[in-house]
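Containing mmCIF, C-alpha atoms: data00.cif.
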data_model
loop_
_atom_site.label_atom_id
_atom_site.label_comp_id
_atom_site.auth_asym_id
_atom_site.auth_seq_id
_atom_site.Cartn_x
_atom_site.Cartn_y
_atom_site.Cartn_z
CA MET L 1 15.33 21.20 25.19
CA ARG L 2 12.69 23.95 25.21
CA ILE L 3 13.53 26.50 27.89
CA ARG L 4 11.52 29.57 28.78
CA HIS L 5 12.93 32.40 30.88
CA VAL L 6 10.70 34.96 32.58
CA VAL L 7 12.35 38.25 33.50
CA PRO L 8 10.53 41.54 34.30
CA SER L 9 12.64 43.74 32.01
CA TYR L 10 14.94 42.71 29.18
CA LEU L 11 16.75 45.44 27.27
CA PRO L 12 20.27 44.12 26.74
CA ALA L 13 21.13 46.55 23.96
CA VAL L 14 20.44 49.50 26.28
CA ARG L 15 21.14 48.58 29.86
CA TYR L 16 23.00 45.31 29.65
CA GLY L 17 23.88 45.29 33.31
CA GLY L 18 23.32 43.14 36.36
CA PRO L 19 20.56 40.56 35.95
CA ILE L 20 19.88 41.48 32.32
CA PHE L 21 23.53 40.90 31.46
CA ALA L 22 23.49 37.53 33.21
CA VAL L 23 20.19 36.35 31.72
CA HIS L 24 21.14 37.40 28.21
CA GLY L 25 24.58 35.82 28.39
CA LEU L 26 23.09 32.55 29.64
CA CYS L 27 20.27 32.49 27.07
CA ARG L 28 22.61 33.28 24.21
CA ALA L 29 24.98 30.47 25.22
CA LEU L 30 22.10 27.99 25.64
CA ALA L 31 20.82 28.86 22.16
CA THR L 32 24.31 28.32 20.76
CA ARG L 33 24.25 24.85 22.34
CA GLY L 34 21.16 24.02 20.28
CA HIS L 35 18.32 24.65 22.73
CA HIS L 36 15.10 26.48 21.89
CA VAL L 37 15.21 29.45 24.24
CA GLU L 38 12.38 31.93 24.78
CA VAL L 39 12.28 34.98 27.01
CA PHE L 40 8.98 36.39 28.28
CA THR L 41 9.29 39.94 29.56
CA THR L 42 7.59 43.34 29.63
CA ASN L 43 8.27 46.53 27.71
CA VAL L 44 8.91 48.49 30.90
CA ASP L 45 11.99 50.70 30.61
CA GLY L 46 12.11 52.68 33.83
CA PRO L 47 9.34 55.31 33.67
CA ASN L 48 8.95 54.75 29.93
CA ASN L 49 8.11 51.93 27.54
CA SER L 50 10.76 50.51 25.26
CA ALA L 51 10.11 50.77 21.51
CA VAL L 52 9.75 47.06 20.83
CA PRO L 53 7.13 44.95 19.04
CA LEU L 54 4.58 43.57 21.47
CA ARG L 55 3.46 39.94 21.86
CA CYS L 56 5.30 38.63 18.78
CA PRO L 57 8.75 36.97 18.95
CA VAL L 58 11.77 39.21 18.41
CA ALA L 59 14.98 37.44 17.34
CA LEU L 60 17.98 38.48 19.43
CA ASP L 61 21.27 36.54 19.33
CA GLY L 62 19.44 33.29 18.61
CA ILE L 63 16.89 33.91 21.38
CA HIS L 64 13.13 34.39 20.87
CA VAL L 65 12.11 37.37 23.00
CA ARG L 66 8.45 38.29 23.50
CA TYR L 67 7.58 41.65 25.04
CA PHE L 68 4.23 42.32 26.72
CA PRO L 69 2.69 45.60 27.88
CA SER L 70 2.41 46.61 31.51
CA GLU L 71 -0.15 49.40 31.70
CA TYR L 72 -1.01 49.36 35.40
CA PHE L 73 0.89 48.55 38.61
CA ARG L 74 4.10 49.04 36.65
CA ARG L 75 6.32 48.84 39.72
CA LEU L 76 5.24 45.21 39.99
CA TYR L 77 5.49 44.68 36.19
CA TRP L 78 1.88 43.50 36.14
CA SER L 79 0.98 42.25 32.66
CA PRO L 80 -2.18 40.19 32.04
CA PRO L 81 -1.17 39.64 28.38
CA LEU L 82 2.01 37.95 29.57
CA ALA L 83 -0.05 35.67 31.82
CA ARG L 84 -2.37 34.73 28.97
CA ALA L 85 0.58 33.89 26.74
CA LEU L 86 2.02 31.66 29.46
CA ASP L 87 -1.31 29.86 29.75
CA ALA L 88 -1.37 29.21 26.00
CA ASP L 89 1.67 26.99 25.58
CA LEU L 90 3.55 26.58 28.85
CA ALA L 91 2.97 22.82 28.92
CA ASP L 92 5.06 22.46 25.75
CA PHE L 93 8.23 23.61 27.51
CA THR L 94 10.78 21.47 29.33
CA VAL L 95 11.63 23.89 32.11
CA LEU L 96 10.74 27.41 33.23
CA HIS L 97 13.49 29.66 34.63
CA LEU L 98 12.34 32.72 36.61
CA HIS L 99 14.72 35.61 37.22
CA SER L 100 13.44 37.90 39.98
CA VAL L 101 11.67 38.11 43.31
CA PHE L 102 9.21 40.67 44.70
CA LEU L 103 7.66 41.10 41.25
CA TRP L 104 4.39 39.91 39.73
CA PRO L 105 5.78 37.94 36.72
CA THR L 106 7.65 35.52 38.99
CA TRP L 107 4.59 34.76 41.09
CA ALA L 108 2.32 34.43 38.03
CA ALA L 109 4.74 32.17 36.15
CA ALA L 110 5.46 29.97 39.18
CA ARG L 111 1.75 29.39 39.83
CA ARG L 112 1.11 28.50 36.20
CA ALA L 113 4.12 26.19 36.06
CA ARG L 114 2.80 24.24 39.04
CA ASN L 115 -0.64 23.94 37.43
CA ALA L 116 0.91 22.74 34.15
CA ARG L 117 3.31 20.37 35.99
CA VAL L 118 6.31 22.04 34.39
CA PRO L 119 9.44 22.16 36.59
CA TYR L 120 10.57 25.66 37.41
CA LEU L 121 13.53 27.22 39.15
CA ILE L 122 13.96 30.71 40.56
CA SER L 123 17.08 32.89 40.47
CA PRO L 124 16.66 35.62 43.14
CA ARG L 125 19.55 37.60 41.59
CA GLY L 126 20.80 38.91 44.92
CA MET L 127 17.48 40.32 46.12
CA LEU L 128 16.97 37.89 49.02
CA ILE L 129 19.45 39.49 51.41
CA LYS L 130 17.97 40.11 54.85
CA ASP L 131 19.99 43.25 55.55
CA LEU L 132 18.91 44.80 52.24
CA ILE L 133 15.26 44.02 52.93
CA GLN L 134 15.50 45.57 56.40
CA ARG L 135 17.02 48.73 54.94
CA LYS L 136 14.60 49.33 52.07
CA ASN L 137 10.80 48.85 51.99
CA ARG L 138 11.01 46.46 54.92
CA PHE L 139 7.30 46.14 55.72
CA VAL L 140 6.12 45.81 52.13
CA LYS L 141 8.78 43.26 51.20
CA SER L 142 8.33 41.28 54.42
CA ALA L 143 4.62 40.98 53.70
CA TRP L 144 5.31 39.93 50.09
CA LEU L 145 7.76 37.29 51.30
CA LYS L 146 5.29 35.85 53.76
CA LEU L 147 2.24 35.88 51.48
CA ILE L 148 3.75 35.11 48.07
CA GLU L 149 7.48 34.57 47.66
CA LYS L 150 7.94 31.92 50.35
CA SER L 151 5.44 29.59 48.69
CA SER L 152 6.89 30.13 45.21
CA LEU L 153 10.39 29.31 46.44
CA GLU L 154 9.50 26.34 48.63
CA ARG L 155 7.44 24.74 45.84
CA ALA L 156 10.04 25.33 43.11
CA SER L 157 12.00 22.42 41.66
CA ALA L 158 15.21 24.29 42.51
CA VAL L 159 16.56 27.68 43.51
CA HIS L 160 19.57 28.98 41.59
CA VAL L 161 22.16 31.22 43.26
CA THR L 162 25.38 32.57 41.82
CA SER L 163 27.66 32.17 44.85
CA GLU L 164 28.00 30.39 48.17
CA LEU L 165 27.59 33.77 49.85
CA GLU L 166 24.16 34.17 48.24
CA ALA L 167 23.25 30.62 49.28
CA GLU L 168 24.20 31.38 52.90
CA GLU L 169 22.07 34.52 52.88
CA LEU L 170 19.13 32.57 51.50
CA GLN L 171 19.37 29.98 54.29
CA ARG L 172 19.01 32.74 56.89
CA PHE L 173 15.28 32.93 56.12
CA GLY L 174 14.75 29.45 57.54
CA TRP L 175 12.48 28.27 54.73
CA LEU L 176 12.00 24.65 53.64
CA LEU L 177 13.72 25.15 50.34
CA PRO L 178 14.16 22.61 47.56
CA ARG L 179 17.57 21.99 46.03
CA VAL L 180 19.76 25.12 46.03
CA ALA L 181 22.15 25.02 43.05
CA THR L 182 25.18 27.33 42.92
CA ILE L 183 26.19 28.25 39.36
CA PRO L 184 28.08 31.51 38.81
CA ASN L 185 27.61 34.05 36.06
CA GLY L 186 29.84 33.93 33.01
CA ILE L 187 31.87 36.49 31.08
CA ASP L 188 32.02 37.59 27.47
CA GLU L 189 35.14 37.61 25.36
CA VAL L 190 37.53 40.57 25.39
CA VAL L 191 37.05 42.64 22.24
CA ARG L 192 39.48 44.70 20.17
CA PHE L 193 38.79 48.38 19.57
CA GLY L 194 40.34 51.51 18.17
CA GLU L 195 41.01 54.48 20.41
CA HIS L 196 39.05 56.69 18.02
CA GLU L 197 35.93 54.70 19.03
CA VAL L 198 36.21 55.71 22.71
CA SER L 199 33.99 58.49 24.04
CA SER L 200 35.71 61.70 25.07
CA ASP L 201 34.26 61.67 28.60
CA VAL L 202 35.63 58.16 29.14
CA LYS L 203 39.08 59.24 27.98
CA GLU L 204 38.92 62.22 30.32
CA VAL L 205 37.94 60.22 33.39
CA ALA L 206 40.68 57.64 32.71
CA VAL L 207 43.53 60.17 32.55
CA GLY L 208 46.14 59.79 35.28
CA GLN L 209 48.23 56.94 36.63
CA PRO L 210 48.03 54.87 38.67
CA LEU L 211 44.30 54.66 38.00
CA ILE L 212 42.06 52.98 40.60
CA LEU L 213 38.78 51.98 38.96
CA PHE L 214 35.28 51.34 40.21
CA LEU L 215 32.92 50.40 37.38
CA GLY L 216 29.34 49.49 38.24
CA ARG L 217 26.05 50.86 39.47
CA ILE L 218 26.55 53.86 41.76
CA SER L 219 24.51 52.71 44.73
CA TRP L 220 24.77 52.81 48.51
CA LYS L 221 25.15 49.01 48.59
CA LYS L 222 28.34 49.21 46.51
CA GLY L 223 30.22 50.71 49.48
CA LEU L 224 31.53 53.77 47.65
CA ASP L 225 31.74 55.65 50.94
CA ARG L 226 34.12 52.90 52.07
CA LEU L 227 36.15 53.38 48.92
CA LEU L 228 36.44 57.15 49.38
CA ASN L 229 37.43 56.77 53.03
CA ALA L 230 40.13 54.24 52.12
CA PHE L 231 41.40 56.20 49.13
CA ALA L 232 41.82 59.28 51.33
CA LEU L 233 44.46 57.37 53.33
CA THR L 234 46.55 56.82 50.20
CA HIS L 235 48.67 59.25 48.20
CA LEU L 236 47.62 57.76 44.88
CA ARG L 237 46.81 60.10 42.04
CA LYS L 238 43.50 58.98 40.58
CA LEU L 239 40.25 57.22 41.49
CA ALA L 240 37.58 56.91 38.80
CA ILE L 241 34.01 56.03 39.82
CA VAL L 242 31.98 55.16 36.74
CA GLY L 243 28.43 53.87 36.32
CA PRO L 244 24.73 54.79 36.27
CA ASP L 245 23.54 56.87 39.21
CA ASP L 246 19.88 55.83 39.46
CA GLU L 247 19.86 56.63 43.19
CA LYS L 248 21.21 60.19 42.65
CA LEU L 249 24.06 59.41 45.02
CA VAL L 250 26.88 61.30 43.28
CA PRO L 251 26.22 64.69 44.99
CA ARG L 252 26.60 63.02 48.39
CA LEU L 253 29.77 61.27 47.27
CA VAL L 254 31.17 64.53 45.93
CA GLN L 255 30.44 66.13 49.28
CA ARG L 256 32.20 63.28 51.07
CA ALA L 257 35.23 63.65 48.80
CA ARG L 258 35.26 67.37 49.61
CA GLU L 259 35.21 66.60 53.34
CA LEU L 260 38.12 64.18 52.86
CA GLN L 261 39.99 66.79 50.78
CA ILE L 262 40.44 64.46 47.81
CA THR L 263 38.26 66.15 45.19
CA ASP L 264 41.29 66.78 42.98
CA ARG L 265 42.02 63.04 42.90
CA VAL L 266 38.53 61.63 42.36
CA ARG L 267 36.52 61.72 39.13
CA PHE L 268 32.91 60.66 38.63
CA LEU L 269 31.28 59.57 35.37
CA PRO L 270 27.62 58.90 36.27
CA ARG L 271 26.36 57.15 33.17
CA ILE L 272 25.84 53.68 31.74
CA VAL L 273 28.90 52.16 30.13
CA PRO L 274 27.22 49.21 28.37
CA ARG L 275 28.44 45.63 28.44
CA ILE L 276 27.35 45.14 24.85
CA VAL L 277 29.76 43.30 22.60
CA LEU L 278 32.20 45.72 20.97
CA SER L 279 31.91 48.33 23.75
CA PRO L 280 35.09 50.40 23.37
CA ASP L 281 34.31 52.60 26.39
CA ARG L 282 34.19 49.70 28.80
CA GLU L 283 37.27 48.03 27.35
CA TYR L 284 39.20 51.31 27.46
CA LEU L 285 38.43 51.79 31.16
CA TYR L 286 39.74 48.34 32.01
CA ARG L 287 42.80 48.81 29.82
CA SER L 288 43.59 52.09 31.57
CA ALA L 289 43.13 50.74 35.10
CA ASN L 290 45.97 49.61 37.33
CA MET L 291 43.49 47.86 39.60
CA PHE L 292 39.76 47.38 40.05
CA VAL L 293 38.18 47.93 43.49
CA LEU L 294 34.75 46.75 44.69
CA PRO L 295 34.03 47.20 48.46
CA PRO L 296 30.24 46.63 48.75
CA TYR L 297 28.05 46.09 51.76
CA SER L 298 26.31 43.35 49.77
CA GLU L 299 27.02 41.84 46.34
CA ASN L 300 25.61 38.42 45.49
CA PHE L 301 28.17 37.85 42.73
CA GLY L 302 30.11 40.72 41.13
CA ASN L 303 30.15 40.47 37.33
CA SER L 304 32.59 43.36 37.01
CA VAL L 305 35.13 41.53 39.19
CA LEU L 306 35.37 38.70 36.65
CA GLU L 307 35.40 41.18 33.78
CA ALA L 308 38.41 42.94 35.29
CA MET L 309 40.21 39.66 35.99
CA GLN L 310 39.62 38.44 32.45
CA ARG L 311 41.39 41.56 31.22
CA ALA L 312 44.39 40.91 33.51
CA VAL L 313 43.42 43.74 35.89
CA PRO L 314 44.15 42.81 39.53
CA VAL L 315 41.22 43.32 41.88
CA VAL L 316 40.74 44.45 45.46
CA ILE L 317 37.44 43.36 46.99
CA THR L 318 35.82 42.94 50.39
CA PRO L 319 34.45 39.65 51.80
CA GLU L 320 30.88 40.75 51.00
CA VAL L 321 31.44 40.09 47.28
CA GLY L 322 29.96 36.78 46.13
CA ALA L 323 32.93 36.16 43.83
CA VAL L 324 35.32 36.25 46.79
CA ASP L 325 36.09 32.53 46.52
CA ILE L 326 36.94 32.94 42.84
CA VAL L 327 39.39 35.73 43.64
CA ARG L 328 41.02 33.69 46.40
CA GLN L 329 41.24 30.49 44.35
CA SER L 330 42.64 32.25 41.30
CA GLY L 331 45.09 34.52 43.07
CA GLY L 332 43.69 37.31 40.89
CA GLY L 333 43.66 39.96 43.61
CA LEU L 334 43.42 40.83 47.28
CA VAL L 335 40.55 40.45 49.74
CA ALA L 336 40.45 43.05 52.53
CA ALA L 337 37.98 44.20 55.15
CA GLY L 338 35.96 47.28 54.23
CA ASP L 339 37.32 49.49 57.01
CA PRO L 340 39.52 52.34 55.76
CA GLU L 341 42.86 51.04 57.03
CA PRO L 342 42.84 47.45 55.66
CA LEU L 343 41.18 48.49 52.40
CA SER L 344 43.68 51.31 51.79
CA ALA L 345 46.56 48.98 52.71
CA ALA L 346 45.48 46.49 50.04
CA ILE L 347 45.17 49.24 47.42
CA CYS L 348 48.60 50.64 48.32
CA ARG L 349 50.18 47.19 48.25
CA LEU L 350 49.19 46.61 44.64
CA ALA L 351 50.07 50.17 43.62
CA ALA L 352 53.53 49.92 45.20
CA ASP L 353 54.40 46.52 43.71
CA PRO L 354 53.87 46.44 39.92
CA ALA L 355 55.33 42.94 39.69
CA LEU L 356 52.78 41.62 42.19
CA ALA L 357 49.95 43.45 40.42
CA ARG L 358 51.03 42.03 37.07
CA SER L 359 51.29 38.46 38.36
CA MET L 360 47.88 38.68 40.04
CA GLY L 361 46.36 40.11 36.88
CA GLU L 362 47.78 37.28 34.80
CA ALA L 363 46.62 34.65 37.32
CA GLY L 364 43.09 36.04 37.30
CA GLN L 365 43.03 36.08 33.51
CA ARG L 366 44.12 32.45 33.28
CA HIS L 367 41.55 31.31 35.81
CA THR L 368 38.54 33.15 34.40
CA THR L 369 39.32 32.09 30.85
CA ALA L 370 39.62 28.48 31.95
CA HIS L 371 36.42 28.30 34.01
CA TYR L 372 33.96 31.16 33.47
CA THR L 373 33.12 31.58 29.80
CA TRP L 374 29.41 31.63 29.06
CA ALA L 375 29.75 28.36 27.15
CA GLN L 376 31.06 26.66 30.28
CA ILE L 377 28.38 28.19 32.51
CA ALA L 378 25.62 27.24 30.06
CA ALA L 379 26.81 23.63 30.11
CA ARG L 380 26.48 23.57 33.90
CA MET L 381 23.02 25.13 33.75
CA GLU L 382 22.01 22.63 31.09
CA GLY L 383 22.94 19.84 33.50
CA LEU L 384 20.73 21.42 36.16
CA TYR L 385 17.80 21.65 33.73
CA GLU L 386 18.25 17.99 32.75
CA SER L 387 18.17 16.92 36.40
CA LEU L 388 14.92 18.83 36.94
CA ARG L 389 13.34 17.20 33.92
CA CYS L 390 14.37 13.74 35.10
CA CYS L 391 13.17 14.27 38.65
CA GLY L 392 10.20 16.52 37.97
#
Structure encoded using structure tokens:
Amino acid sequence: MRIRHVVPSYLPAVRYGGPIFAVHGLCRALATRGHHVEVFTTNVDGPNNSAVPLRCPVALDGIHVRYFPSEYFRRLYWSPPLARALDADLADFTVLHLHSVFLWPTWAAARRARNARVPYLISPRGMLIKDLIQRKNRFVKSAWLKLIEKSSLERASAVHVTSELEAEELQRFGWLLPRVATIPNGIDEVVRFGEHEVSSDVKEVAVGQPLILFLGRISWKKGLDRLLNAFALTHLRKLAIVGPDDEKLVPRLVQRARELQITDRVRFLPRIVPRIVLSPDREYLYRSANMFVLPPYSENFGNSVLEAMQRAVPVVITPEVGAVDIVRQSGGGLVAAGDPEPLSAAICRLAADPALARSMGEAGQRHTTAHYTWAQIAARMEGLYESLRCCG
């Protein structure tokens, strides 16, 4: 099968987080299963351009990646060369998989797929959440939804979501959607490493037991204010908050920790800890953690939840995490409301009962290993692609 993925930015060796992690893991597994997989993307890397060859295929883990320049309207990832390349050979592909909303490449690829009669599906990647849209750029995004995104979604062959929670949020828009397919993200294998390979700042932030770990993007939507408020009600020694701080939120969180009088028990490491294979820093953080906590206001899936479970780390999450059903089914952790009292009670319960924490960690590890490897997820996605080809 010839499968083309269109994603606005694709720098797995650098960022390897969120949607890029998911798209790369899926593409790599599909290529391993014998499919011809291409990725069309731009060279946009934040305010800069990534140092990659343009327009010609770049081999990456069995995937053919083609980067195109975006010289103007970079916030929309506008790239006429990408559009021309799509026009050239799109009809030769079996299916087109689009990974974004609110961005020009998705609209351009969807329109061309319809003209070429190639089935396409869209993965919103957690961006179609009404509360998030209301909170950030409401008027611009509402106009985009009405004028562009609604048509692209309703005329797609399918819409892919990663959790039932994301599917429920999508239905709130009241659109006449095609088939909505729920297929979760997968996880990579646990890797061995030597302690000498671990960065000194990671070792420093992981000192102290029991260690409560948050590992992910430092963003308002991750509910880190909830976490600080709950942690302040405990007498536990150490909370580590680790991840890139693109929103410059850490100073406000430090101030909140100061107000709660817990600055001596909270450590921040505001930088990327890559998910790349053989990432000693990330593995060391999980190995050092007694539990992993994720209390977001909105999280369509929660890749880090499965990562922690795969490493036998028990998790504490709130119902807003898309992977909540996985945690409940596996017995790999506790689900608690995001208010300070119930969230702190769940954290204290695991900290006070090592036997319970160990059994939950082992249960989560068994479940994720049995059901959520990228090979297993790619097989499910392959079945979805086949159904689109048959019915398209």
For this session: Run the PyMOL selection byres ((chain L and resi 295-308) around 7) on the file and write out the hits as a list of chain:residue names.
Result: L:Gly126, L:Thr162, L:Ser163, L:Leu165, L:Glu166, L:Ile187, L:Lys221, L:Lys222, L:Gly223, L:Arg226, L:Leu227, L:Tyr286, L:Phe292, L:Val293, L:Leu294, L:Met309, L:Gln310, L:Arg311, L:Ala312, L:Val313, L:Val315, L:Ile317, L:Thr318, L:Glu320, L:Val321, L:Gly322, L:Ala323, L:Gly338, L:Thr368
Would you mind exporting C-alpha atoms of the selected residues as a PDB file, in the coordinates of the input?
ATOM      1  CA  GLY L 126      20.800  38.910  44.920  1.00  0.00           C
ATOM      2  CA  THR L 162      25.380  32.570  41.820  1.00  0.00           C
ATOM      3  CA  SER L 163      27.660  32.170  44.850  1.00  0.00           C
ATOM      4  CA  LEU L 165      27.590  33.770  49.850  1.00  0.00           C
ATOM      5  CA  GLU L 166      24.160  34.170  48.240  1.00  0.00           C
ATOM      6  CA  ILE L 187      31.870  36.490  31.080  1.00  0.00           C
ATOM      7  CA  LYS L 221      25.150  49.010  48.590  1.00  0.00           C
ATOM      8  CA  LYS L 222      28.340  49.210  46.510  1.00  0.00           C
ATOM      9  CA  GLY L 223      30.220  50.710  49.480  1.00  0.00           C
ATOM     10  CA  ARG L 226      34.120  52.900  52.070  1.00  0.00           C
ATOM     11  CA  LEU L 227      36.150  53.380  48.920  1.00  0.00           C
ATOM     12  CA  TYR L 286      39.740  48.340  32.010  1.00  0.00           C
ATOM     13  CA  PHE L 292      39.760  47.380  40.050  1.00  0.00           C
ATOM     14  CA  VAL L 293      38.180  47.930  43.490  1.00  0.00           C
ATOM     15  CA  LEU L 294      34.750  46.750  44.690  1.00  0.00           C
ATOM     16  CA  MET L 309      40.210  39.660  35.990  1.00  0.00           C
ATOM     17  CA  GLN L 310      39.620  38.440  32.450  1.00  0.00           C
ATOM     18  CA  ARG L 311      41.390  41.560  31.220  1.00  0.00           C
ATOM     19  CA  ALA L 312      44.390  40.910  33.510  1.00  0.00           C
ATOM     20  CA  VAL L 313      43.420  43.740  35.890  1.00  0.00           C
ATOM     21  CA  VAL L 315      41.220  43.320  41.880  1.00  0.00           C
ATOM     22  CA  ILE L 317      37.440  43.360  46.990  1.00  0.00           C
ATOM     23  CA  THR L 318      35.820  42.940  50.390  1.00  0.00           C
ATOM     24  CA  GLU L 320      30.880  40.750  51.000  1.00  0.00           C
ATOM     25  CA  VAL L 321      31.440  40.090  47.280  1.00  0.00           C
ATOM     26  CA  GLY L 322      29.960  36.780  46.130  1.00  0.00           C
ATOM     27  CA  ALA L 323      32.930  36.160  43.830  1.00  0.00           C
ATOM     28  CA  GLY L 338      35.960  47.280  54.230  1.00  0.00           C
ATOM     29  CA  THR L 368      38.540  33.150  34.400  1.00  0.00           C
TER      30      THR L 368
END
For this session: Can you work out which one of L:Arg138, L:Arg4, L:Arg28, L:Arg366 has the shortest atom-to-atom distance to Ala378 (chain L), counting only C-alpha atoms?
Result: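 Of L:Arg138, L:Arg4, L:Arg28, L:Arg366, the one nearest Ala378 (chain L), counting only C-alpha atoms, is L:Arg28.
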Starting from 8 Å padding per side, set up an axis-aligned box that covers all listed atoms of region 249-260 of chain L and hand over centre and edge lengths in Å, one decimal, as JSON.
{"center_x": 31.1, "center_y": 63.4, "center_z": 48.3, "size_x": 30.1, "size_y": 24.0, "size_z": 26.1}
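Closest approach to Glu154 (chain L) among L:Val23, L:Leu170, L:Val202, L:Met360: L:Leu170, based on all atoms listed in the file.
Nearest to Val191 (chain L) of all the residues L:Pro319, L:Gly25, L:Pro280, L:Pro314 is L:Pro280, based on only C-alpha atoms.
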For this session: For region 76-81 of chain L, work out the shell of residues within 12 Å, counting only C-alpha atoms and skipping chain neighbours fewer than 5 positions away, then give it as a PyMOL selection string.
Result: chain L and resi 6-10+40-47+49+54-56+66-71+86-88+100-109+141+144
For this session: Have a look at CA of Leu82 (chain L) and CA of Arg275 (chain L) and let me know their distance in Å, one decimal.
Result: 27.5 Å
Exercise. When the PyMOL selection byres ((chain L and resi 374) around 6) is applied to the file above, which residues end up in the set, as a ChimeraX atom specification?
Worked result: /L:29,186-187,373,375-378
Exercise. Which of these residues is nearest to Val118 (chain L), using all atoms listed in the file: L:Leu147, L:Val207, L:Cys390, L:Ala370?
Worked result: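 Among the listed residues, the smallest separation from Val118 (chain L) belongs to L:Cys390.
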Exercise. Which residues come within 8 Å of Gly331 (chain L), counting all atoms listed in the file, excluding same-chain residues fewer than 2 positions away, as a list in words?
Worked result: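 Near neighbours after the sequence-gap exclusion: Val327, Arg328, Gln329, Gly333, Leu334, Met360, Ala363 and Gly364 of chain L.
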For this session: Measuring atom to atom with all atoms listed in the file, identify which of L:Val273, L:Glu362, L:Arg389, L:Ser50 is nearest to Arg2 (chain L).
Result: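 Once distances to Arg2 (chain L) are computed over all atoms listed in the file, the minimum belongs to L:Arg389.
Distances here use only C-alpha atoms; by that measure, the residue among L:Gly18, L:Gln261, L:Arg192, L:Leu384 closest to Val180 (chain L) is L:Leu384.
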Problem set entry | CA of Arg135 (chain L) to CA of Gly174 (chain L), distance in Å rounded to a single decimal |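 These two atoms are separated by 19.6 Å.
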Seminar exercise, completed: Expressed in Å, the length from CA of Leu228 (chain L) to CA of Met127 (chain L) is 25.6 Å
Env of Met1 (chain L): 7 Å cut, atoms = all atoms listed in the file, seq-sep filter 5 positions within chain, self excluded. Answer as a PDB file with C-alpha atoms, in the coordinates of the input.
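Final output, saved to around-v9.pdb:
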ATOM      1  CA  HIS L  35      18.320  24.650  22.730  1.00  0.00           C
ATOM      2  CA  HIS L  36      15.100  26.480  21.890  1.00  0.00           C
ATOM      3  CA  THR L  94      10.780  21.470  29.330  1.00  0.00           C
TER       4      THR L  94
END
Exercise. Exactly which residues make up the result of the PyMOL selection byres ((chain L and resi 230) around 6) on this file, given as a PyMOL selection string?
Worked result: chain L and resi 227-229+231-233+340+343-344
Exercise. What lies within 10 Å of Arg172 (chain L) using all atoms listed in the file, ignoring chain neighbours under 2 positions off, as a list in words?
Worked result: Leu128, Ile129, Lys130, Ala167, Glu168, Glu169, Leu170, Gly174 and Trp175 of chain L
